[in-house]
file run_22.pdb (PDB, C-alpha atoms)
MODEL        1
ATOM      1  CA  MET A  20     127.345 -31.976  54.898
ATOM      2  CA  ASP A  21     127.146 -32.338  51.144
ATOM      3  CA  ALA A  22     124.351 -30.883  48.958
ATOM      4  CA  ARG A  23     122.629 -34.272  48.448
ATOM      5  CA  ALA A  24     122.190 -34.784  52.188
ATOM      6  CA  ALA A  25     120.697 -31.304  52.602
ATOM      7  CA  VAL A  26     118.219 -31.896  49.770
ATOM      8  CA  SER A  27     117.025 -35.280  51.027
ATOM      9  CA  ARG A  28     116.478 -34.113  54.621
ATOM     10  CA  PRO A  29     112.825 -33.268  55.406
ATOM     11  CA  TRP A  30     112.057 -29.630  56.111
ATOM     12  CA  PRO A  31     112.022 -28.746  59.777
ATOM     13  CA  ALA A  32     108.577 -28.151  61.300
ATOM     14  CA  VAL A  33     109.382 -24.486  61.882
ATOM     15  CA  THR A  34     110.078 -23.965  58.181
ATOM     16  CA  ARG A  35     106.848 -25.757  57.199
ATOM     17  CA  ARG A  36     104.828 -23.573  59.604
ATOM     18  CA  ALA A  37     106.498 -20.447  58.281
ATOM     19  CA  LEU A  38     105.719 -21.431  54.692
ATOM     20  CA  LEU A  39     102.104 -22.202  55.582
ATOM     21  CA  ALA A  40     101.763 -18.829  57.306
ATOM     22  CA  LEU A  41     103.289 -17.031  54.304
ATOM     23  CA  SER A  42     100.994 -18.919  51.942
ATOM     24  CA  ALA A  43      97.953 -18.067  54.052
ATOM     25  CA  ALA A  44      98.968 -14.408  54.213
ATOM     26  CA  ALA A  45      99.479 -14.266  50.448
ATOM     27  CA  THR A  46      95.975 -15.617  49.821
ATOM     28  CA  GLY A  47      94.323 -13.435  52.449
ATOM     29  CA  PHE A  48      93.617 -16.194  54.948
ATOM     30  CA  SER A  49      94.873 -16.387  58.489
ATOM     31  CA  ALA A  50      96.193 -19.682  59.774
ATOM     32  CA  THR A  51      95.559 -18.590  63.358
ATOM     33  CA  ARG A  52      92.181 -16.836  62.965
ATOM     34  CA  ALA A  53      90.302 -18.966  60.446
ATOM     35  CA  ASP A  54      86.984 -18.134  62.108
ATOM     36  CA  THR A  55      87.390 -14.413  61.414
ATOM     37  CA  PRO A  56      87.883 -13.726  57.715
ATOM     38  CA  GLN A  57      87.512 -10.102  56.714
ATOM     39  CA  PRO A  58      84.659  -8.742  54.592
ATOM     40  CA  GLN A  59      85.754  -7.499  51.185
ATOM     41  CA  PRO A  60      83.778  -4.622  49.677
ATOM     42  CA  TRP A  61      82.216  -5.177  46.259
ATOM     43  CA  PRO A  62      84.274  -3.251  43.672
ATOM     44  CA  ARG A  63      82.509  -0.041  42.576
ATOM     45  CA  ASN A  64      83.146  -0.692  38.882
ATOM     46  CA  LYS A  65      81.921  -4.310  39.010
ATOM     47  CA  PRO A  66      78.287  -4.711  37.893
ATOM     48  CA  GLN A  67      75.614  -5.871  40.315
ATOM     49  CA  PRO A  68      74.342  -9.245  39.084
ATOM     50  CA  THR A  69      70.691 -10.110  38.619
ATOM     51  CA  LEU A  70      70.112 -13.248  40.632
ATOM     52  CA  ALA A  71      67.418 -15.837  40.024
ATOM     53  CA  LEU A  72      67.668 -19.408  41.306
ATOM     54  CA  PRO A  73      65.304 -22.263  42.079
ATOM     55  CA  THR A  74      64.730 -23.339  45.653
ATOM     56  CA  LEU A  75      65.457 -26.898  46.703
ATOM     57  CA  TYR A  76      61.788 -27.643  46.044
ATOM     58  CA  GLY A  77      61.722 -26.084  42.560
ATOM     59  CA  GLU A  78      60.105 -22.744  43.380
ATOM     60  CA  PRO A  79      61.589 -19.645  41.724
ATOM     61  CA  TRP A  80      63.560 -17.169  43.850
ATOM     62  CA  ASN A  81      65.039 -13.886  42.699
ATOM     63  CA  LEU A  82      66.872 -11.094  44.425
ATOM     64  CA  SER A  83      64.588  -8.399  43.012
ATOM     65  CA  GLY A  84      61.713  -9.917  44.997
ATOM     66  CA  GLN A  85      63.566  -9.332  48.277
ATOM     67  CA  ALA A  86      63.295  -5.522  48.299
ATOM     68  CA  GLY A  87      63.675  -4.067  51.768
ATOM     69  CA  GLN A  88      65.464  -7.148  53.129
ATOM     70  CA  VAL A  89      69.138  -7.582  53.887
ATOM     71  CA  VAL A  90      70.041 -10.798  52.091
ATOM     72  CA  LEU A  91      72.926 -13.064  53.071
ATOM     73  CA  LEU A  92      73.703 -15.700  50.436
ATOM     74  CA  ASN A  93      76.055 -18.395  51.670
ATOM     75  CA  PHE A  94      77.564 -20.465  48.842
ATOM     76  CA  TRP A  95      78.358 -23.970  50.054
ATOM     77  CA  ALA A  96      78.612 -27.640  49.120
ATOM     78  CA  SER A  97      77.991 -30.750  51.211
ATOM     79  CA  TRP A  98      81.535 -32.025  50.492
ATOM     80  CA  CYS A  99      83.022 -28.824  51.988
ATOM     81  CA  GLU A 100      83.944 -29.306  55.661
ATOM     82  CA  PRO A 101      84.191 -25.559  56.491
ATOM     83  CA  CYS A 102      80.778 -25.087  54.833
ATOM     84  CA  ARG A 103      79.227 -27.748  57.027
ATOM     85  CA  ALA A 104      80.966 -26.365  60.109
ATOM     86  CA  GLU A 105      79.537 -22.853  59.719
ATOM     87  CA  MET A 106      75.926 -23.898  58.956
ATOM     88  CA  PRO A 107      74.791 -23.990  62.627
ATOM     89  CA  ALA A 108      76.071 -20.417  63.155
ATOM     90  CA  LEU A 109      74.219 -19.260  60.024
ATOM     91  CA  GLN A 110      71.059 -20.923  61.337
ATOM     92  CA  ARG A 111      71.372 -19.153  64.710
ATOM     93  CA  LEU A 112      72.093 -15.842  62.967
ATOM     94  CA  SER A 113      68.980 -16.222  60.826
ATOM     95  CA  GLU A 114      66.791 -16.946  63.838
ATOM     96  CA  ARG A 115      68.239 -14.015  65.784
ATOM     97  CA  TYR A 116      67.837 -11.350  63.073
ATOM     98  CA  VAL A 117      64.869 -12.422  60.937
ATOM     99  CA  GLN A 118      62.616  -9.877  62.703
ATOM    100  CA  ARG A 119      65.075  -7.101  61.771
ATOM    101  CA  GLY A 120      64.864  -7.923  58.076
ATOM    102  CA  LEU A 121      67.737 -10.370  57.569
ATOM    103  CA  GLN A 122      67.146 -13.205  55.136
ATOM    104  CA  VAL A 123      69.801 -15.955  55.237
ATOM    105  CA  LEU A 124      69.845 -18.394  52.324
ATOM    106  CA  ALA A 125      72.152 -21.333  51.662
ATOM    107  CA  VAL A 126      73.097 -21.564  47.972
ATOM    108  CA  ASN A 127      74.287 -25.037  47.103
ATOM    109  CA  TYR A 128      76.994 -25.234  44.469
ATOM    110  CA  ARG A 129      76.605 -27.818  41.686
ATOM    111  CA  GLU A 130      75.128 -30.746  43.597
ATOM    112  CA  SER A 131      72.021 -32.702  42.693
ATOM    113  CA  PRO A 132      68.767 -31.887  44.474
ATOM    114  CA  ASP A 133      68.763 -35.428  45.939
ATOM    115  CA  THR A 134      72.222 -34.928  47.459
ATOM    116  CA  VAL A 135      71.184 -31.578  48.920
ATOM    117  CA  ARG A 136      67.906 -32.995  50.307
ATOM    118  CA  ARG A 137      69.824 -35.814  52.020
ATOM    119  CA  PHE A 138      72.189 -33.278  53.582
ATOM    120  CA  VAL A 139      69.328 -31.056  54.767
ATOM    121  CA  THR A 140      67.441 -34.036  56.208
ATOM    122  CA  THR A 141      70.409 -35.585  58.024
ATOM    123  CA  THR A 142      71.627 -32.279  59.496
ATOM    124  CA  GLY A 143      68.230 -30.827  60.407
ATOM    125  CA  MET A 144      69.094 -27.630  58.553
ATOM    126  CA  THR A 145      66.094 -25.298  58.233
ATOM    127  CA  LEU A 146      67.631 -22.444  56.241
ATOM    128  CA  PRO A 147      66.033 -21.916  52.840
ATOM    129  CA  VAL A 148      68.191 -23.609  50.192
ATOM    130  CA  LEU A 149      68.738 -22.350  46.660
ATOM    131  CA  LEU A 150      70.355 -24.449  43.937
ATOM    132  CA  ASP A 151      73.150 -23.183  41.701
ATOM    133  CA  GLY A 152      73.079 -26.408  39.705
ATOM    134  CA  ASP A 153      75.452 -25.357  36.941
ATOM    135  CA  GLY A 154      77.558 -22.982  39.048
ATOM    136  CA  SER A 155      76.723 -19.990  36.843
ATOM    137  CA  VAL A 156      75.646 -17.720  39.704
ATOM    138  CA  ALA A 157      78.791 -18.454  41.704
ATOM    139  CA  LYS A 158      80.824 -17.793  38.568
ATOM    140  CA  SER A 159      79.028 -14.479  37.904
ATOM    141  CA  LEU A 160      79.965 -13.385  41.430
ATOM    142  CA  GLY A 161      83.582 -14.515  41.066
ATOM    143  CA  ILE A 162      83.206 -17.251  43.689
ATOM    144  CA  GLY A 163      85.711 -20.078  43.495
ATOM    145  CA  ILE A 164      86.352 -20.829  47.186
ATOM    146  CA  PHE A 165      83.785 -22.333  49.546
ATOM    147  CA  PRO A 166      82.221 -21.219  51.689
ATOM    148  CA  THR A 167      81.812 -17.694  50.364
ATOM    149  CA  THR A 168      79.094 -15.395  51.641
ATOM    150  CA  VAL A 169      77.656 -12.405  49.804
ATOM    151  CA  ILE A 170      75.722  -9.666  51.644
ATOM    152  CA  PHE A 171      73.141  -7.541  49.831
ATOM    153  CA  ASP A 172      71.757  -4.370  51.393
ATOM    154  CA  ARG A 173      68.075  -3.440  51.473
ATOM    155  CA  ARG A 174      68.321  -1.952  47.953
ATOM    156  CA  GLY A 175      69.687  -5.220  46.524
ATOM    157  CA  HIS A 176      73.271  -3.984  46.153
ATOM    158  CA  ILE A 177      76.199  -6.127  47.199
ATOM    159  CA  ARG A 178      77.879  -4.566  50.225
ATOM    160  CA  TRP A 179      80.625  -7.137  50.729
ATOM    161  CA  THR A 180      81.726 -10.732  50.464
ATOM    162  CA  VAL A 181      83.404 -13.008  52.984
ATOM    163  CA  THR A 182      85.526 -15.913  51.788
ATOM    164  CA  GLY A 183      86.075 -18.791  54.172
ATOM    165  CA  GLU A 184      84.457 -20.174  57.286
ATOM    166  CA  CYS A 185      83.094 -17.529  59.632
ATOM    167  CA  ALA A 186      81.530 -17.568  63.099
ATOM    168  CA  TRP A 187      78.427 -15.728  61.881
ATOM    169  CA  ASP A 188      76.702 -15.542  65.248
ATOM    170  CA  ARG A 189      79.663 -13.914  67.059
ATOM    171  CA  GLU A 190      81.630 -10.680  66.847
ATOM    172  CA  PRO A 191      82.887  -9.249  64.521
ATOM    173  CA  ALA A 192      80.461 -10.808  62.002
ATOM    174  CA  VAL A 193      77.410  -9.719  64.010
ATOM    175  CA  ARG A 194      78.732  -6.137  63.973
ATOM    176  CA  TRP A 195      79.192  -6.243  60.177
ATOM    177  CA  LEU A 196      75.602  -7.376  59.764
ATOM    178  CA  ARG A 197      74.190  -4.887  62.265
ATOM    179  CA  ASP A 198      75.812  -2.101  60.237
ATOM    180  CA  VAL A 199      74.032  -3.287  57.080
ATOM    181  CA  LEU A 200      70.737  -3.856  58.909
ATOM    182  CA  GLN A 201      70.814  -0.321  60.335
ATOM    183  CA  SER A 202      71.559   1.383  57.026
ATOM    184  CA  ALA A 203      68.682   2.594  54.870
TER     185      ALA A 203
ENDMDL
END

call {"tool": "encode", "arguments": {"input": "run_22.pdb", "output": "structure tokens"}}
result
Amino acid sequence: MDARAAVSRPWPAVTRRALLALSAAATGFSATRADTPQPQPWPRNKPQPTLALPTLYGEPWNLSGQAGQVVLLNFWASWCEPCRAEMPALQRLSERYVQRGLQVLAVNYRESPDTVRRFVTTTGMTLPVLLDGDGSVAKSLGIGIFPTTVIFDRRGHIRWTVTGECAWDREPAVRWLRDVLQSA
């Protein structure tokens, strides 16, 4: 076989799968366990941001007003399929742990309030929604992949982040959250 024939032949499926697996491994994602990304601790030398955002209905919200609560901020967009897929699990998680001091908020990334309201109405979502209209909060947290979830402990310090779709109402995510809820 000459070199031109080898170049024009499509890659075998095995090679494509191997390349996809290598690419996923290099970026920290698992092609076989997409529902179980790993939490990444917040770097010790990275400053803790001050967060203030409006709610979907224009009311002010800020992290400093959540003292004593464990806060889970899920950054999402309505155009993001994995974001939409994990919303029901976030809703169930919120309902299950609200009495233990967990506050789950959905932070929409750079969409208009009308677009977000339509999404909330059509899906029946009841999580509180915050708007990051210009993307500045996501940027301050280093978020560039959606969904990304940030967990704050009861003192308002970031404990860890999770990038990618997660089954929030199943193990191991429930265990990660229980650990934060049980800490002082």

call {"tool": "resolve_selection", "arguments": {"input": "run_22.pdb", "expression": "the PyMOL selection byres ((chain A and resi 129-142) around 9)", "output": "NGL selection string"}}
result
:A and (75-76 or 96-97 or 127-128 or 143-146 or 148 or 150-154)

call {"tool": "axis_aligned_box", "arguments": {"input": "run_22.pdb", "around": "region 53-70 of chain A", "padding_each_side": "5 Å", "output": "lines of an AutoDock Vina configuration file"}}
result
center_x = 80.2
center_y = -9.5
center_z = 50.0
size_x = 30.2
size_y = 28.9
size_z = 34.2

call {"tool": "closest_residue", "arguments": {"input": "run_22.pdb", "among": "A:Ile177, A:Ala125, A:Gln201, A:Ala86", "to": "Leu149 (chain A)", "atoms": "all atoms listed in the file"}}
result
A:Ala125

call {"tool": "resolve_selection", "arguments": {"input": "run_22.pdb", "expression": "the PyMOL selection byres ((chain A and resi 180) around 9)", "output": "JSON, numbers by chain"}}
result
{"A": [57, 58, 59, 60, 61, 167, 168, 169, 170, 177, 178, 179, 181, 182]}

call {"tool": "residues_near_point", "arguments": {"input": "run_22.pdb", "point": "(82.6, -19.1, 61.1)", "cutoff": "7 Å", "atoms": "only C-alpha atoms", "output": "PyMOL selection string"}}
result
chain A and resi 54-55+105+108+184-187

call {"tool": "closest_residue", "arguments": {"input": "run_22.pdb", "among": "A:Val89, A:Val126, A:Leu82, A:Leu72", "to": "Pro166 (chain A)", "atoms": "all atoms listed in the file"}}
result
A:Val126

call {"tool": "residues_near_point", "arguments": {"input": "run_22.pdb", "point": "(69.9, -9.1, 50.2)", "cutoff": "8 Å", "atoms": "only C-alpha atoms", "output": "PyMOL selection string"}}
result
chain A and resi 82+85-86+88-92+121-122+170-177

call {"tool": "atom_distance", "arguments": {"input": "run_22.pdb", "atom1": "CA of Pro147 (chain A)", "atom2": "CA of Pro66 (chain A)"}}
result
25.9 Å

call {"tool": "atom_distance", "arguments": {"input": "run_22.pdb", "atom1": "CA of Leu70 (chain A)", "atom2": "CA of Lys158 (chain A)"}}
result
11.8 Å

call {"tool": "closest_residue", "arguments": {"input": "run_22.pdb", "among": "A:Pro79, A:Gly84, A:Pro56, A:Pro62", "to": "Leu160 (chain A)", "atoms": "all atoms listed in the file"}}
result
A:Pro62

call {"tool": "atom_distance", "arguments": {"input": "run_22.pdb", "atom1": "CA of Leu109 (chain A)", "atom2": "CA of Lys65 (chain A)"}}
result
26.9 Å

call {"tool": "build_atoms", "arguments": {"input": "run_22.pdb", "residues": "region 144-170 of chain A", "atoms": "N, CA and C atoms", "output": "PDB file, in the coordinates of the input"}}
result
ATOM      1  N   MET A 144      68.978 -29.012  58.994  1.00  0.00           N
ATOM      2  CA  MET A 144      69.094 -27.630  58.553  1.00  0.00           C
ATOM      3  C   MET A 144      67.719 -27.094  58.142  1.00  0.00           C
ATOM      4  N   THR A 145      67.384 -25.890  58.585  1.00  0.00           N
ATOM      5  CA  THR A 145      66.094 -25.298  58.233  1.00  0.00           C
ATOM      6  C   THR A 145      66.229 -24.016  57.412  1.00  0.00           C
ATOM      7  N   LEU A 146      67.453 -23.621  57.098  1.00  0.00           N
ATOM      8  CA  LEU A 146      67.631 -22.444  56.241  1.00  0.00           C
ATOM      9  C   LEU A 146      67.038 -22.722  54.863  1.00  0.00           C
ATOM     10  N   PRO A 147      66.468 -21.716  54.215  1.00  0.00           N
ATOM     11  CA  PRO A 147      66.033 -21.916  52.840  1.00  0.00           C
ATOM     12  C   PRO A 147      67.249 -22.232  51.967  1.00  0.00           C
ATOM     13  N   VAL A 148      67.087 -23.184  51.048  1.00  0.00           N
ATOM     14  CA  VAL A 148      68.191 -23.609  50.192  1.00  0.00           C
ATOM     15  C   VAL A 148      67.859 -23.270  48.744  1.00  0.00           C
ATOM     16  N   LEU A 149      68.817 -22.629  48.084  1.00  0.00           N
ATOM     17  CA  LEU A 149      68.738 -22.350  46.660  1.00  0.00           C
ATOM     18  C   LEU A 149      69.740 -23.251  45.958  1.00  0.00           C
ATOM     19  N   LEU A 150      69.460 -23.566  44.690  1.00  0.00           N
ATOM     20  CA  LEU A 150      70.355 -24.449  43.937  1.00  0.00           C
ATOM     21  C   LEU A 150      71.028 -23.705  42.793  1.00  0.00           C
ATOM     22  N   ASP A 151      72.356 -23.705  42.816  1.00  0.00           N
ATOM     23  CA  ASP A 151      73.150 -23.183  41.701  1.00  0.00           C
ATOM     24  C   ASP A 151      73.694 -24.403  40.973  1.00  0.00           C
ATOM     25  N   GLY A 152      72.789 -25.104  40.287  1.00  0.00           N
ATOM     26  CA  GLY A 152      73.079 -26.408  39.705  1.00  0.00           C
ATOM     27  C   GLY A 152      74.222 -26.433  38.717  1.00  0.00           C
ATOM     28  N   ASP A 153      74.362 -25.381  37.922  1.00  0.00           N
ATOM     29  CA  ASP A 153      75.452 -25.357  36.941  1.00  0.00           C
ATOM     30  C   ASP A 153      76.611 -24.458  37.379  1.00  0.00           C
ATOM     31  N   GLY A 154      76.484 -23.839  38.537  1.00  0.00           N
ATOM     32  CA  GLY A 154      77.558 -22.982  39.048  1.00  0.00           C
ATOM     33  C   GLY A 154      77.622 -21.608  38.412  1.00  0.00           C
ATOM     34  N   SER A 155      76.646 -21.262  37.571  1.00  0.00           N
ATOM     35  CA  SER A 155      76.723 -19.990  36.843  1.00  0.00           C
ATOM     36  C   SER A 155      76.581 -18.767  37.744  1.00  0.00           C
ATOM     37  N   VAL A 156      75.793 -18.870  38.810  1.00  0.00           N
ATOM     38  CA  VAL A 156      75.646 -17.720  39.704  1.00  0.00           C
ATOM     39  C   VAL A 156      76.943 -17.507  40.484  1.00  0.00           C
ATOM     40  N   ALA A 157      77.509 -18.580  41.004  1.00  0.00           N
ATOM     41  CA  ALA A 157      78.791 -18.454  41.704  1.00  0.00           C
ATOM     42  C   ALA A 157      79.835 -17.854  40.774  1.00  0.00           C
ATOM     43  N   LYS A 158      79.860 -18.318  39.538  1.00  0.00           N
ATOM     44  CA  LYS A 158      80.824 -17.793  38.568  1.00  0.00           C
ATOM     45  C   LYS A 158      80.588 -16.305  38.307  1.00  0.00           C
ATOM     46  N   SER A 159      79.329 -15.889  38.178  1.00  0.00           N
ATOM     47  CA  SER A 159      79.028 -14.479  37.904  1.00  0.00           C
ATOM     48  C   SER A 159      79.455 -13.577  39.052  1.00  0.00           C
ATOM     49  N   LEU A 160      79.537 -14.140  40.252  1.00  0.00           N
ATOM     50  CA  LEU A 160      79.965 -13.385  41.430  1.00  0.00           C
ATOM     51  C   LEU A 160      81.461 -13.532  41.703  1.00  0.00           C
ATOM     52  N   GLY A 161      82.150 -14.312  40.879  1.00  0.00           N
ATOM     53  CA  GLY A 161      83.582 -14.515  41.066  1.00  0.00           C
ATOM     54  C   GLY A 161      83.920 -15.453  42.211  1.00  0.00           C
ATOM     55  N   ILE A 162      82.997 -16.339  42.562  1.00  0.00           N
ATOM     56  CA  ILE A 162      83.206 -17.251  43.689  1.00  0.00           C
ATOM     57  C   ILE A 162      83.878 -18.523  43.199  1.00  0.00           C
ATOM     58  N   GLY A 163      84.994 -18.860  43.832  1.00  0.00           N
ATOM     59  CA  GLY A 163      85.711 -20.078  43.495  1.00  0.00           C
ATOM     60  C   GLY A 163      86.187 -20.814  44.731  1.00  0.00           C
ATOM     61  N   ILE A 164      85.955 -20.229  45.913  1.00  0.00           N
ATOM     62  CA  ILE A 164      86.352 -20.829  47.186  1.00  0.00           C
ATOM     63  C   ILE A 164      85.098 -20.952  48.032  1.00  0.00           C
ATOM     64  N   PHE A 165      84.967 -22.086  48.735  1.00  0.00           N
ATOM     65  CA  PHE A 165      83.785 -22.333  49.546  1.00  0.00           C
ATOM     66  C   PHE A 165      84.165 -22.556  50.993  1.00  0.00           C
ATOM     67  N   PRO A 166      83.391 -22.045  51.918  1.00  0.00           N
ATOM     68  CA  PRO A 166      82.221 -21.219  51.689  1.00  0.00           C
ATOM     69  C   PRO A 166      82.602 -19.783  51.331  1.00  0.00           C
ATOM     70  N   THR A 167      81.733 -19.131  50.603  1.00  0.00           N
ATOM     71  CA  THR A 167      81.812 -17.694  50.364  1.00  0.00           C
ATOM     72  C   THR A 167      80.419 -17.143  50.605  1.00  0.00           C
ATOM     73  N   THR A 168      80.366 -16.018  51.290  1.00  0.00           N
ATOM     74  CA  THR A 168      79.094 -15.395  51.641  1.00  0.00           C
ATOM     75  C   THR A 168      79.035 -14.014  51.012  1.00  0.00           C
ATOM     76  N   VAL A 169      77.879 -13.693  50.448  1.00  0.00           N
ATOM     77  CA  VAL A 169      77.656 -12.405  49.804  1.00  0.00           C
ATOM     78  C   VAL A 169      76.517 -11.706  50.538  1.00  0.00           C
ATOM     79  N   ILE A 170      76.728 -10.445  50.921  1.00  0.00           N
ATOM     80  CA  ILE A 170      75.722  -9.666  51.644  1.00  0.00           C
ATOM     81  C   ILE A 170      75.174  -8.577  50.740  1.00  0.00           C
TER      82      ILE A 170
END
